[in-house]
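K.L.:
Provided below: target04.txt, containing compact mmCIF, C-alpha atoms and all ligand atoms.
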```txt
# COMPACT_ATOMS: atom_id res chain seq x y z
CA MET H 3 23.28 14.79 -6.37
CA ASP H 4 22.03 11.24 -6.53
CA LEU H 5 18.46 10.82 -5.30
CA SER H 6 19.71 8.62 -2.46
CA THR H 7 21.60 11.67 -1.18
CA VAL H 8 18.64 13.98 -1.85
CA ALA H 9 16.55 11.71 0.40
CA ILE H 10 18.93 12.51 3.26
CA VAL H 11 19.62 16.22 2.80
CA ALA H 12 16.39 17.63 1.33
CA GLY H 13 14.17 19.45 3.82
CA ARG H 14 16.93 19.62 6.39
CA GLY H 15 17.31 23.37 6.05
CA ALA H 16 20.43 25.40 6.75
CA GLY H 17 19.62 25.88 10.43
CA ALA H 18 21.46 28.07 12.90
CA PRO H 19 24.15 26.67 15.22
CA GLY H 20 22.56 25.11 18.28
CA GLU H 21 19.26 24.30 16.55
CA PRO H 22 18.01 20.71 16.48
CA LEU H 23 19.25 18.79 13.43
CA SER H 24 15.97 17.00 12.83
CA VAL H 25 12.82 18.99 12.23
CA PRO H 26 10.72 19.41 15.39
CA VAL H 27 7.12 18.21 15.52
CA ALA H 28 5.33 21.55 15.41
CA LEU H 29 2.07 20.89 17.22
CA ALA H 30 0.34 24.17 16.49
CA SER H 31 -3.17 25.18 15.50
CA THR H 32 -2.22 28.84 15.22
CA TYR H 33 0.78 31.16 15.03
CA ARG H 34 1.51 34.53 16.61
CA ALA H 35 0.32 37.29 14.28
CA GLY H 36 2.77 39.36 12.26
CA GLY H 37 4.99 36.54 10.96
CA GLU H 38 5.66 35.52 7.37
CA GLY H 39 4.77 31.85 7.67
CA PRO H 40 1.35 30.27 7.99
CA HIS H 41 -1.18 31.98 10.24
CA TYR H 42 -3.40 29.02 11.00
CA GLY H 43 -2.83 25.26 11.28
CA ARG H 44 -4.98 24.40 8.27
CA ASP H 45 -2.84 26.51 5.95
CA GLY H 46 0.67 25.37 6.80
CA ASN H 47 3.02 23.85 9.32
CA PRO H 48 6.83 23.80 9.64
CA THR H 49 6.93 19.99 9.95
CA TRP H 50 4.86 19.59 6.78
CA ALA H 51 7.15 22.11 5.09
CA ALA H 52 10.24 19.96 5.76
CA LEU H 53 8.53 16.83 4.44
CA GLU H 54 7.22 18.72 1.42
CA ALA H 55 10.69 20.02 0.64
CA ALA H 56 12.02 16.45 0.67
CA ILE H 57 9.23 14.90 -1.44
CA GLY H 58 9.38 17.89 -3.82
CA ALA H 59 13.15 17.54 -4.26
CA LEU H 60 12.82 13.81 -4.97
CA GLU H 61 10.05 14.25 -7.56
CA GLY H 62 11.53 17.45 -9.03
CA GLY H 63 8.62 19.75 -8.23
CA SER H 64 6.91 21.47 -5.36
CA ALA H 65 4.99 19.18 -3.02
CA LEU H 66 1.95 19.53 -0.81
CA ALA H 67 1.26 17.04 1.98
CA PHE H 68 -2.29 15.79 2.42
CA ALA H 69 -4.12 13.81 5.08
CA SER H 70 -4.02 10.68 2.89
CA GLY H 71 -3.30 9.56 -0.63
CA MET H 72 -7.02 9.70 -1.35
CA ALA H 73 -7.18 13.28 -0.03
CA ALA H 74 -4.44 14.23 -2.50
CA ALA H 75 -6.27 12.45 -5.35
CA ALA H 76 -9.57 14.07 -4.34
CA ALA H 77 -7.91 17.51 -4.40
CA VAL H 78 -6.76 16.91 -7.99
CA PHE H 79 -10.25 15.84 -9.12
CA ASP H 80 -11.87 18.60 -7.09
CA SER H 81 -9.86 21.28 -8.88
CA LEU H 82 -11.57 20.31 -12.17
CA PRO H 83 -14.68 22.21 -13.30
CA ALA H 84 -18.07 20.54 -12.77
CA GLY H 85 -18.83 18.04 -15.51
CA ALA H 86 -15.16 17.68 -16.51
CA VAL H 87 -14.13 14.49 -18.32
CA VAL H 88 -11.54 12.27 -16.65
CA VAL H 89 -9.79 9.38 -18.40
CA ALA H 90 -8.65 6.85 -15.79
CA PRO H 91 -7.40 3.26 -15.65
CA THR H 92 -9.97 0.47 -15.80
CA ARG H 93 -7.72 -1.62 -13.56
CA GLY H 94 -6.22 1.04 -11.30
CA TYR H 95 -6.27 1.47 -7.53
CA HIS H 96 -9.79 0.61 -6.34
CA GLY H 97 -10.07 3.66 -4.05
CA VAL H 98 -9.61 6.02 -6.99
CA ARG H 99 -12.05 4.00 -9.10
CA ARG H 100 -14.62 4.26 -6.30
CA LEU H 101 -14.07 7.99 -5.90
CA LEU H 102 -14.52 8.57 -9.64
CA ALA H 103 -17.57 6.33 -9.88
CA ASP H 104 -19.13 8.23 -7.00
CA ALA H 105 -18.36 11.62 -8.60
CA ALA H 106 -19.79 10.36 -11.91
CA SER H 107 -22.95 9.02 -10.26
CA ARG H 108 -23.64 12.46 -8.81
CA GLY H 109 -22.90 14.24 -12.10
CA HIS H 110 -19.78 15.99 -10.80
CA LEU H 111 -17.41 14.39 -13.31
CA ARG H 112 -17.67 12.23 -16.41
CA VAL H 113 -15.35 9.25 -16.42
CA ARG H 114 -13.91 7.23 -19.31
CA LEU H 115 -12.11 4.08 -18.27
CA ALA H 116 -9.08 3.12 -20.33
CA ASN H 117 -6.52 0.33 -20.47
CA VAL H 118 -3.53 2.57 -19.73
CA SER H 119 -1.07 -0.11 -20.84
CA ASP H 120 -2.49 0.48 -24.34
CA GLY H 121 -0.85 3.84 -25.14
CA PRO H 122 -2.51 4.72 -28.49
CA GLY H 123 -5.92 3.47 -27.30
CA THR H 124 -5.72 5.64 -24.18
CA VAL H 125 -4.53 8.70 -26.14
CA ALA H 126 -7.50 8.25 -28.50
CA MET H 127 -9.84 8.45 -25.49
CA CYS H 128 -8.34 11.80 -24.42
CA ARG H 129 -10.07 13.85 -27.12
CA GLY H 130 -12.42 16.29 -25.38
CA ALA H 131 -11.24 15.21 -21.92
CA ASP H 132 -9.88 17.46 -19.17
CA LEU H 133 -7.63 15.13 -17.20
CA LEU H 134 -5.80 11.88 -17.83
CA TRP H 135 -5.13 9.96 -14.62
CA ILE H 136 -2.35 7.39 -14.96
CA GLU H 137 -1.10 4.73 -12.60
CA SER H 138 2.09 2.81 -13.38
CA PRO H 139 2.74 0.17 -12.22
CA THR H 140 -0.95 -0.33 -11.50
CA ASN H 141 -2.17 -1.63 -8.18
CA PRO H 142 -2.64 -4.61 -7.93
CA LEU H 143 -1.93 -6.07 -11.40
CA LEU H 144 1.37 -4.24 -11.99
CA GLU H 145 0.59 -3.24 -15.55
CA ILE H 146 2.93 -0.64 -17.03
CA ALA H 147 1.77 2.53 -18.80
CA ASP H 148 4.05 4.48 -21.14
CA ILE H 149 3.96 7.78 -19.23
CA ALA H 150 5.91 9.88 -21.76
CA LEU H 151 3.80 8.63 -24.67
CA LEU H 152 0.52 9.16 -22.80
CA ALA H 153 1.55 12.61 -21.52
CA GLY H 154 2.61 13.69 -25.04
CA GLY H 155 -0.65 12.45 -26.56
CA ALA H 156 -2.80 13.96 -23.82
CA HIS H 157 -1.05 17.33 -24.03
CA SER H 158 -1.60 17.48 -27.81
CA ALA H 159 -5.29 17.10 -27.04
CA GLY H 160 -5.08 19.86 -24.40
CA VAL H 161 -5.53 17.39 -21.55
CA ARG H 162 -3.70 17.62 -18.24
CA VAL H 163 -1.92 14.57 -16.88
CA ALA H 164 -1.73 13.25 -13.32
CA VAL H 165 0.31 10.20 -12.35
CA ASP H 166 -0.16 8.13 -9.20
CA ASN H 167 3.49 7.27 -8.46
CA THR H 168 2.82 5.34 -5.24
CA LEU H 169 4.17 1.96 -6.37
CA ALA H 170 7.26 3.26 -8.18
CA THR H 171 8.33 6.15 -5.91
CA PRO H 172 10.55 8.92 -7.33
CA LEU H 173 13.57 6.65 -6.89
CA LEU H 174 12.31 4.43 -9.71
CA GLN H 175 10.51 6.95 -11.93
CA ARG H 176 9.92 10.68 -11.99
CA PRO H 177 6.68 11.33 -13.87
CA LEU H 178 7.22 15.13 -14.00
CA ASP H 179 10.37 14.47 -16.04
CA LEU H 180 8.27 12.26 -18.32
CA GLY H 181 5.77 15.08 -18.97
CA ALA H 182 3.16 14.70 -16.20
CA ASP H 183 1.63 17.88 -14.77
CA VAL H 184 1.05 16.50 -11.31
CA VAL H 185 2.22 13.49 -9.33
CA VAL H 186 0.15 11.98 -6.54
CA HIS H 187 1.37 9.72 -3.73
CA SER H 188 -0.03 7.63 -1.00
CA ALA H 189 2.76 8.48 1.46
CA THR H 190 1.14 5.83 3.65
CA LYS H 191 3.04 3.27 1.60
CA LEU H 192 6.69 3.23 0.52
CA LEU H 193 7.53 6.90 1.16
CA SER H 194 6.94 6.59 4.91
CA GLY H 195 7.42 2.84 4.85
CA HIS H 196 6.59 1.67 8.38
CA SER H 197 2.83 0.96 8.29
CA ASP H 198 2.27 3.46 11.10
CA LEU H 199 0.56 6.42 9.44
CA VAL H 200 -1.80 7.55 6.67
CA MET H 201 -0.66 10.46 4.49
CA GLY H 202 -0.59 11.69 0.91
CA ALA H 203 1.19 14.16 -1.30
CA ALA H 204 0.73 15.97 -4.60
CA VAL H 205 3.69 17.38 -6.53
CA THR H 206 3.76 19.75 -9.50
CA ARG H 207 6.00 22.24 -11.32
CA ASP H 208 3.04 24.34 -12.44
CA PRO H 209 2.48 27.26 -10.01
CA GLU H 210 -1.18 27.51 -11.04
CA ILE H 211 -1.84 23.84 -10.23
CA ALA H 212 0.12 24.20 -6.98
CA ALA H 213 -1.98 27.18 -5.91
CA SER H 214 -5.20 25.39 -6.79
CA LEU H 215 -4.23 22.28 -4.83
CA ALA H 216 -3.12 24.37 -1.83
CA ALA H 217 -6.50 26.12 -1.92
CA ARG H 218 -8.31 22.74 -2.04
CA ARG H 219 -6.31 21.62 0.99
CA SER H 220 -6.95 24.78 3.00
CA MET H 221 -10.64 24.95 2.14
CA GLY H 222 -11.36 21.22 2.26
CA GLY H 223 -9.26 20.78 5.36
CA ALA H 224 -7.69 17.42 4.41
CA VAL H 225 -4.50 18.32 6.28
CA PRO H 226 -1.96 15.89 7.73
CA GLY H 227 -1.06 15.82 11.41
CA PRO H 228 2.36 17.26 12.29
CA LEU H 229 3.38 14.02 14.02
CA GLU H 230 2.51 12.04 10.89
CA ALA H 231 4.57 14.48 8.83
CA PHE H 232 7.53 13.98 11.17
CA LEU H 233 7.24 10.19 10.96
CA ALA H 234 6.83 10.28 7.19
CA LEU H 235 9.99 12.38 6.82
CA ARG H 236 11.89 10.05 9.13
CA GLY H 237 10.73 7.10 7.02
CA LEU H 238 11.56 8.88 3.77
CA ARG H 239 15.21 9.27 4.81
CA THR H 240 15.70 5.51 4.45
CA LEU H 241 13.54 5.04 1.33
CA PRO H 242 16.51 4.42 -1.01
CA LEU H 243 17.91 1.64 1.21
CA ARG H 244 14.53 0.08 1.92
CA LEU H 245 13.63 0.12 -1.74
CA GLU H 246 16.90 -1.45 -2.80
CA ARG H 247 16.53 -4.32 -0.36
CA ALA H 248 12.81 -4.95 -0.92
CA GLN H 249 13.17 -4.72 -4.69
CA ALA H 250 16.00 -7.24 -4.79
CA SER H 251 13.90 -9.67 -2.74
CA ALA H 252 10.79 -9.02 -4.87
CA GLY H 253 12.71 -9.91 -8.03
CA GLU H 254 14.00 -13.12 -6.48
CA LEU H 255 10.60 -14.14 -5.07
CA ALA H 256 8.89 -13.40 -8.41
CA ARG H 257 11.42 -15.61 -10.20
CA ARG H 258 10.96 -18.48 -7.74
CA LEU H 259 7.16 -18.14 -7.68
CA SER H 260 7.13 -18.50 -11.49
CA GLY H 261 8.45 -22.02 -11.05
CA HIS H 262 6.27 -22.99 -8.08
CA PRO H 263 3.78 -25.83 -8.66
CA ALA H 264 0.99 -24.08 -6.71
CA VAL H 265 1.28 -20.89 -8.79
CA ALA H 266 -0.53 -20.38 -12.10
CA THR H 267 0.78 -16.96 -13.17
CA VAL H 268 3.07 -14.27 -11.78
CA SER H 269 2.89 -10.54 -12.53
CA TYR H 270 6.15 -8.73 -11.93
CA PRO H 271 7.46 -6.22 -14.46
CA GLY H 272 10.99 -7.53 -13.89
CA LEU H 273 10.19 -10.98 -15.29
CA PRO H 274 11.49 -11.21 -18.88
CA ASP H 275 8.13 -12.44 -20.22
CA ALA H 276 6.01 -9.79 -18.42
CA PRO H 277 3.97 -7.72 -20.92
CA GLY H 278 5.41 -4.44 -19.57
CA HIS H 279 8.97 -5.70 -19.09
CA GLU H 280 10.68 -3.87 -21.93
CA LEU H 281 8.81 -0.60 -21.27
CA ALA H 282 9.44 -0.77 -17.52
CA GLY H 283 13.12 -1.38 -18.23
CA ARG H 284 13.24 1.87 -20.23
CA GLN H 285 10.97 3.95 -18.01
CA MET H 286 11.97 2.84 -14.52
CA ARG H 287 15.23 2.48 -12.60
CA GLY H 288 14.05 -0.85 -11.16
CA PHE H 289 10.97 -3.06 -11.20
CA GLY H 290 9.59 -2.31 -7.75
CA THR H 291 8.69 -4.12 -4.57
CA MET H 292 5.28 -5.58 -5.46
CA VAL H 293 4.52 -9.01 -6.88
CA ALA H 294 1.04 -10.28 -7.83
CA PHE H 295 0.45 -13.97 -8.44
CA ASP H 296 -2.48 -16.22 -9.11
CA VAL H 297 -2.63 -19.59 -7.39
CA HIS H 298 -4.21 -22.81 -8.66
CA GLY H 299 -7.39 -23.49 -6.68
CA GLY H 300 -8.80 -19.95 -6.68
CA ALA H 301 -10.13 -18.21 -3.59
CA ILE H 302 -9.95 -21.26 -1.32
CA ALA H 303 -6.30 -21.92 -2.06
CA ALA H 304 -5.43 -18.24 -1.84
CA ASN H 305 -7.18 -17.86 1.53
CA ALA H 306 -5.45 -20.97 2.81
CA ALA H 307 -2.06 -19.49 1.90
CA CYS H 308 -2.95 -16.22 3.67
CA ASP H 309 -3.96 -18.20 6.77
CA ALA H 310 -0.76 -20.23 6.73
CA VAL H 311 1.94 -17.55 6.50
CA GLN H 312 3.97 -17.10 9.69
CA ILE H 313 6.48 -14.32 9.00
CA ILE H 314 4.59 -12.62 6.23
CA VAL H 315 1.59 -10.65 7.51
CA THR H 316 -1.87 -11.00 5.99
CA ALA H 317 -3.05 -7.41 5.72
CA THR H 318 -4.06 -4.85 3.15
CA SER H 319 -1.70 -1.96 2.31
CA LEU H 320 1.84 -2.12 0.99
CA GLY H 321 5.29 -0.59 1.15
CA GLY H 322 6.02 -1.28 4.83
CA VAL H 323 9.14 -2.85 6.34
CA GLU H 324 7.12 -6.06 6.84
CA THR H 325 6.11 -8.27 3.94
CA MET H 326 2.34 -8.30 3.46
CA ILE H 327 0.07 -10.57 1.49
CA GLU H 328 -3.60 -10.41 0.68
CA ARG H 329 -6.19 -11.89 -1.61
CA ARG H 330 -7.31 -8.84 -3.53
CA ALA H 331 -10.69 -10.11 -4.69
CA ARG H 332 -11.87 -10.22 -1.05
CA TRP H 333 -12.68 -6.52 -1.44
CA PRO H 334 -15.89 -5.36 -3.07
CA GLY H 335 -14.90 -3.43 -6.21
CA GLU H 336 -11.89 -5.64 -6.84
CA GLU H 337 -13.87 -8.19 -8.87
CA LEU H 338 -11.73 -7.41 -11.90
CA THR H 339 -8.93 -9.39 -10.31
CA SER H 340 -9.12 -13.17 -10.38
CA PRO H 341 -10.36 -14.90 -7.18
CA GLY H 342 -6.98 -16.53 -6.55
CA LEU H 343 -4.87 -13.40 -7.04
CA LEU H 344 -2.50 -12.69 -4.16
CA ARG H 345 -0.77 -9.34 -3.86
CA LEU H 346 2.58 -9.50 -2.14
CA SER H 347 4.22 -6.33 -0.84
CA VAL H 348 7.81 -7.32 -0.20
CA GLY H 349 9.47 -5.88 2.89
CA LEU H 350 12.89 -6.09 4.46
CA GLU H 351 13.05 -9.58 6.00
CA HIS H 352 15.73 -11.95 4.70
CA VAL H 353 14.71 -13.30 1.32
CA GLU H 354 15.35 -16.93 2.32
CA ASP H 355 13.02 -16.58 5.33
CA LEU H 356 10.39 -15.05 3.08
CA TRP H 357 10.73 -17.81 0.52
CA ALA H 358 10.55 -20.57 3.15
CA ASP H 359 7.39 -18.98 4.59
CA LEU H 360 5.77 -18.48 1.19
CA ASP H 361 6.67 -21.93 -0.07
CA ALA H 362 5.29 -23.61 3.07
CA ALA H 363 2.09 -21.51 2.96
CA LEU H 364 1.47 -22.38 -0.69
CA MET H 365 1.85 -26.06 0.13
CA ALA H 366 -0.45 -25.81 3.19
CA PRO H 367 -3.49 -28.11 3.19
CA ARG H 368 -6.63 -26.30 2.11
CA PRO H 369 -9.58 -26.24 4.48
CA ALA H 370 -12.31 -27.73 2.30
CA HIS H 371 -15.41 -26.53 4.07
CA ARG H 372 -14.56 -23.50 6.13
CA ALA H 373 -16.18 -20.33 4.82
CA ARG H 374 -13.78 -17.49 5.43
CA ARG H 375 -15.32 -14.23 6.47
CA ASP H 376 -13.76 -11.03 5.29
CA GLY H 377 -14.47 -7.66 6.82
CA PRO H 378 -15.82 -4.61 5.04
CA ALA H 379 -13.57 -2.78 2.57
CA GLY H 380 -11.15 -0.39 4.23
C1 LIG H 401 -3.02 3.18 -1.06
C2 LIG H 401 -3.08 3.81 -2.41
C3 LIG H 401 -3.78 5.02 -2.62
C4 LIG H 401 -4.58 5.68 -1.50
O1 LIG H 401 -3.78 6.18 -0.51
P1 LIG H 401 -4.26 6.32 1.04
O2 LIG H 401 -3.04 6.87 1.69
O3 LIG H 401 -4.65 4.95 1.48
O4 LIG H 401 -5.41 7.25 1.05
C5 LIG H 401 -3.75 5.58 -3.87
N1 LIG H 401 -3.10 4.99 -4.89
C6 LIG H 401 -2.43 3.83 -4.74
C7 LIG H 401 -1.73 3.25 -5.90
C8 LIG H 401 -2.41 3.21 -3.49
O5 LIG H 401 -1.76 2.05 -3.35
```
As structure tokens, how would this structure be written, given the file I've shared?
Ligand SMILES: *Cc1c(COP(=O)(O)O)cnc(C)c1O
P.N.:
Amino acid sequence: MDLSTVAIVAGRGAGAPGEPLSVPVALASTYRAGGEGPHYGRDGNPTWAALEAAIGALEGGSALAFASGMAAAAAVFDSLPAGAVVVAPTRGYHGVRRLLADAASRGHLRVRLANVSDGPGTVAMCRGADLLWIESPTNPLLEIADIALLAGGAHSAGVRVAVDNTLATPLLQRPLDLGADVVVHSATKLLSGHSDLVMGAAVTRDPEIAASLAARRSMGGAVPGPLEAFLALRGLRTLPLRLERAQASAGELARRLSGHPAVATVSYPGLPDAPGHELAGRQMRGFGTMVAFDVHGGAIAANAACDAVQIIVTATSLGGVETMIERRARWPGEELTSPGLLRLSVGLEHVEDLWADLDAALMAPRPAHRARRDGPAG
């Protein structure tokens, strides 16, 4: 079956005649004793189970839903012994970097930061480590890591491998097939796709890892709500179509942005001169829905563009039906990105409307003396 069909049929169950076709929202904290399923709402839920079956089928493993992407990531790190060594991307998702820095500052983990787009360099850092955490493409710079090469190198050093597959989704790359031991998702983003919930997932083929993660979830209590699970599954059913549309627009916008006078550089793995282009072409079934670009004029110009967009929404997050833009360096901890870097999450609007909006916003006059206030990181 093609994955676009799997997205429709997985988790649907056989079902008896007369039963609802779509999975009900099972709002339950407990279950009548004597059954075979979960006994308590922190241990399992039929609506989660349907979503997990679908995500698991798409990634080719068995999935566990979590309260958020960070809860899934935290469960992976939390299953390591105290003092374990984690190799993680220098320029990966800032939430994971914060979590690891916090764990390191309290002596729970030791962290080695690596440029994961440098395969041999990252493998060399795996000696004596316990876990290699990979992101590809990375958020927000869209660097590409060679997952098969890194997983092979890490495994020879006895190191387990986790891949954050949020930006690619299983439609574009399946890290378990490339050798990863566990895949983590922010289901908040493309998997659910409608900017209306926060959820995460972890997927593995290793029963021991699955049991450990399930125990972390039950004991730690980072469980998703049944309504969120229902909405995430509903969103997941259209992931293949949403991805196809958004990805086609992202490629077109990246190409046009490369020639725009207000734009200094564009990061999109689909551009022929992108550093990860050839690798992404081999490893992925498409180049994704995210574009990062740096504007001339730094933070002031970037903020002016964010203020000027009309159709595109200025907001953090990604993977929704609506196109979103933000200046990444407005967040504390994102200082590694240049002050004028804009991250664009391409949605489902018509590409010509998006281009007209973006082009006009980039040409907008820049307020010379208005200090823009950004809120706290969230
Ligand atoms: C958003 C995101 C996360 C965190 O997920 P939440 O659902 O916000 O907790 C992790 N990794 C990547 C790549 C993300 O974009």
K.L.:
I'd like to know which of H:Gly13, H:Gly342, H:Gly227, H:Pro19 is closest to Thr267 (chain H), using all atoms listed in the file.
P.N.:
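Distance minimum relative to Thr267 (chain H) lands on H:Gly342.
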K.L.:
Counting all atoms listed in the file, select every polymer residue within 12 Å of (1.9, -28.3, 1.5) as defined in the file's coordinates, and provide the selection as an mmCIF file with C-alpha atoms, keeping the file's coordinate frame.
P.N.:
```cif
data_model
loop_
_atom_site.group_PDB
_atom_site.id
_atom_site.type_symbol
_atom_site.label_atom_id
_atom_site.label_comp_id
_atom_site.auth_asym_id
_atom_site.auth_seq_id
_atom_site.Cartn_x
_atom_site.Cartn_y
_atom_site.Cartn_z
ATOM 1 C CA HIS H 262 6.270 -22.990 -8.080
ATOM 2 C CA PRO H 263 3.780 -25.830 -8.660
ATOM 3 C CA ALA H 264 0.990 -24.080 -6.710
ATOM 4 C CA ALA H 303 -6.300 -21.920 -2.060
ATOM 5 C CA ALA H 306 -5.450 -20.970 2.810
ATOM 6 C CA ALA H 307 -2.060 -19.490 1.900
ATOM 7 C CA ALA H 310 -0.760 -20.230 6.730
ATOM 8 C CA VAL H 311 1.940 -17.550 6.500
ATOM 9 C CA ALA H 358 10.550 -20.570 3.150
ATOM 10 C CA ASP H 359 7.390 -18.980 4.590
ATOM 11 C CA LEU H 360 5.770 -18.480 1.190
ATOM 12 C CA ASP H 361 6.670 -21.930 -0.070
ATOM 13 C CA ALA H 362 5.290 -23.610 3.070
ATOM 14 C CA ALA H 363 2.090 -21.510 2.960
ATOM 15 C CA LEU H 364 1.470 -22.380 -0.690
ATOM 16 C CA MET H 365 1.850 -26.060 0.130
ATOM 17 C CA ALA H 366 -0.450 -25.810 3.190
ATOM 18 C CA PRO H 367 -3.490 -28.110 3.190
ATOM 19 C CA ARG H 368 -6.630 -26.300 2.110
#
```
K.L.:
Counting all atoms listed in the file, figure out which residue out of H:Glu354, H:Asp275, H:Glu137, H:Glu210 gets nearest to ligand LIG 401 (chain H).
P.N.:
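Once distances to ligand LIG 401 (chain H) are computed over all atoms listed in the file, the minimum belongs to H:Glu137.
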K.L.:
Please identify every polymer residue within 6 Å of ligand LIG 401 (chain H), using all atoms listed in the file, and present the set as a PyMOL selection string.
P.N.:
chain H and resi 70-72+95+141+168+188+190+200-202
K.L.:
Save out the residues we just selected, C-alpha atoms, as a tab-separated table (two decimals), keeping the file's coordinate frame.
P.N.:
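And here is the file that came out, out.tsv:
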```
chain	number	residue	atom	x	y	z
H	70	SER	CA	-4.02	10.68	2.89
H	71	GLY	CA	-3.30	9.56	-0.63
H	72	MET	CA	-7.02	9.70	-1.35
H	95	TYR	CA	-6.27	1.47	-7.53
H	141	ASN	CA	-2.17	-1.63	-8.18
H	168	THR	CA	2.82	5.34	-5.24
H	188	SER	CA	-0.03	7.63	-1.00
H	190	THR	CA	1.14	5.83	3.65
H	200	VAL	CA	-1.80	7.55	6.67
H	201	MET	CA	-0.66	10.46	4.49
H	202	GLY	CA	-0.59	11.69	0.91
```
K.L.:
Quick one: residues within 8 Å of Arg176 (chain H), only C-alpha atoms counted, chain neighbours fewer than 4 positions away excluded, as a list of chain:residue names?
P.N.:
H:Glu61, H:Gly62, H:Thr171, H:Pro172, H:Leu180
K.L.:
Work out how far apart CA of Asn47 (chain H) and CA of Ser31 (chain H) are and give it in Å to one decimal.
P.N.:
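A separation of 8.8 Å between them.
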K.L.:
How many Å separate CA of Pro277 (chain H) from CA of Thr140 (chain H)?
P.N.:
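These atoms are spaced 12.9 Å apart.
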K.L.:
For each of H:Gln249, H:Gln175, H:Thr325, H:Ser107, take the minimum atom-to-atom distance to Ala147 (chain H), counting all atoms listed in the file, then give the residue where this is smallest.
P.N.:
H:Gln175
K.L.:
Can you work out the spacing between CA of Ala170 (chain H) and CA of Val87 (chain H) in Å, to one decimal?
P.N.:
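These atoms are spaced 26.2 Å apart.
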K.L.:
Counting all atoms listed in the file, which residue out of H:Ala256, H:Ala86, H:Leu169, H:Leu193 sits closest to Ala276 (chain H)?
P.N.:
H:Ala256
K.L.:
Considering only C-alpha atoms, can you say which of H:Val265, H:Leu144, H:Leu29, H:Ala77 comes closest to Ala213 (chain H)?
P.N.:
H:Ala77
K.L.:
May I have the residues at most 10 Å from (-5.7, -13.0, -6.8) in the file's coordinates, counting all atoms listed in the file, as a compact mmCIF listing (two decimals) with C-alpha atoms, in the frame of the given file?
P.N.:
```
# COMPACT_ATOMS: atom_id res chain seq x y z
CA PRO H 142 -2.64 -4.61 -7.93
CA LEU H 143 -1.93 -6.07 -11.40
CA THR H 267 0.78 -16.96 -13.17
CA ALA H 294 1.04 -10.28 -7.83
CA PHE H 295 0.45 -13.97 -8.44
CA ASP H 296 -2.48 -16.22 -9.11
CA VAL H 297 -2.63 -19.59 -7.39
CA GLY H 300 -8.80 -19.95 -6.68
CA ALA H 301 -10.13 -18.21 -3.59
CA ALA H 304 -5.43 -18.24 -1.84
CA ASN H 305 -7.18 -17.86 1.53
CA GLU H 328 -3.60 -10.41 0.68
CA ARG H 329 -6.19 -11.89 -1.61
CA ARG H 330 -7.31 -8.84 -3.53
CA ALA H 331 -10.69 -10.11 -4.69
CA ARG H 332 -11.87 -10.22 -1.05
CA GLU H 336 -11.89 -5.64 -6.84
CA GLU H 337 -13.87 -8.19 -8.87
CA LEU H 338 -11.73 -7.41 -11.90
CA THR H 339 -8.93 -9.39 -10.31
CA SER H 340 -9.12 -13.17 -10.38
CA PRO H 341 -10.36 -14.90 -7.18
CA GLY H 342 -6.98 -16.53 -6.55
CA LEU H 343 -4.87 -13.40 -7.04
CA LEU H 344 -2.50 -12.69 -4.16
CA ARG H 345 -0.77 -9.34 -3.86
```
K.L.:
Which one of H:Gly155, H:Gly322, H:Gly109, H:Gly97 sits closest to Met127 (chain H) if you count all atoms listed in the file?
P.N.:
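Checking each of H:Gly155, H:Gly322, H:Gly109, H:Gly97 against Met127 (chain H), counting all atoms listed in the file, the winner is H:Gly155.
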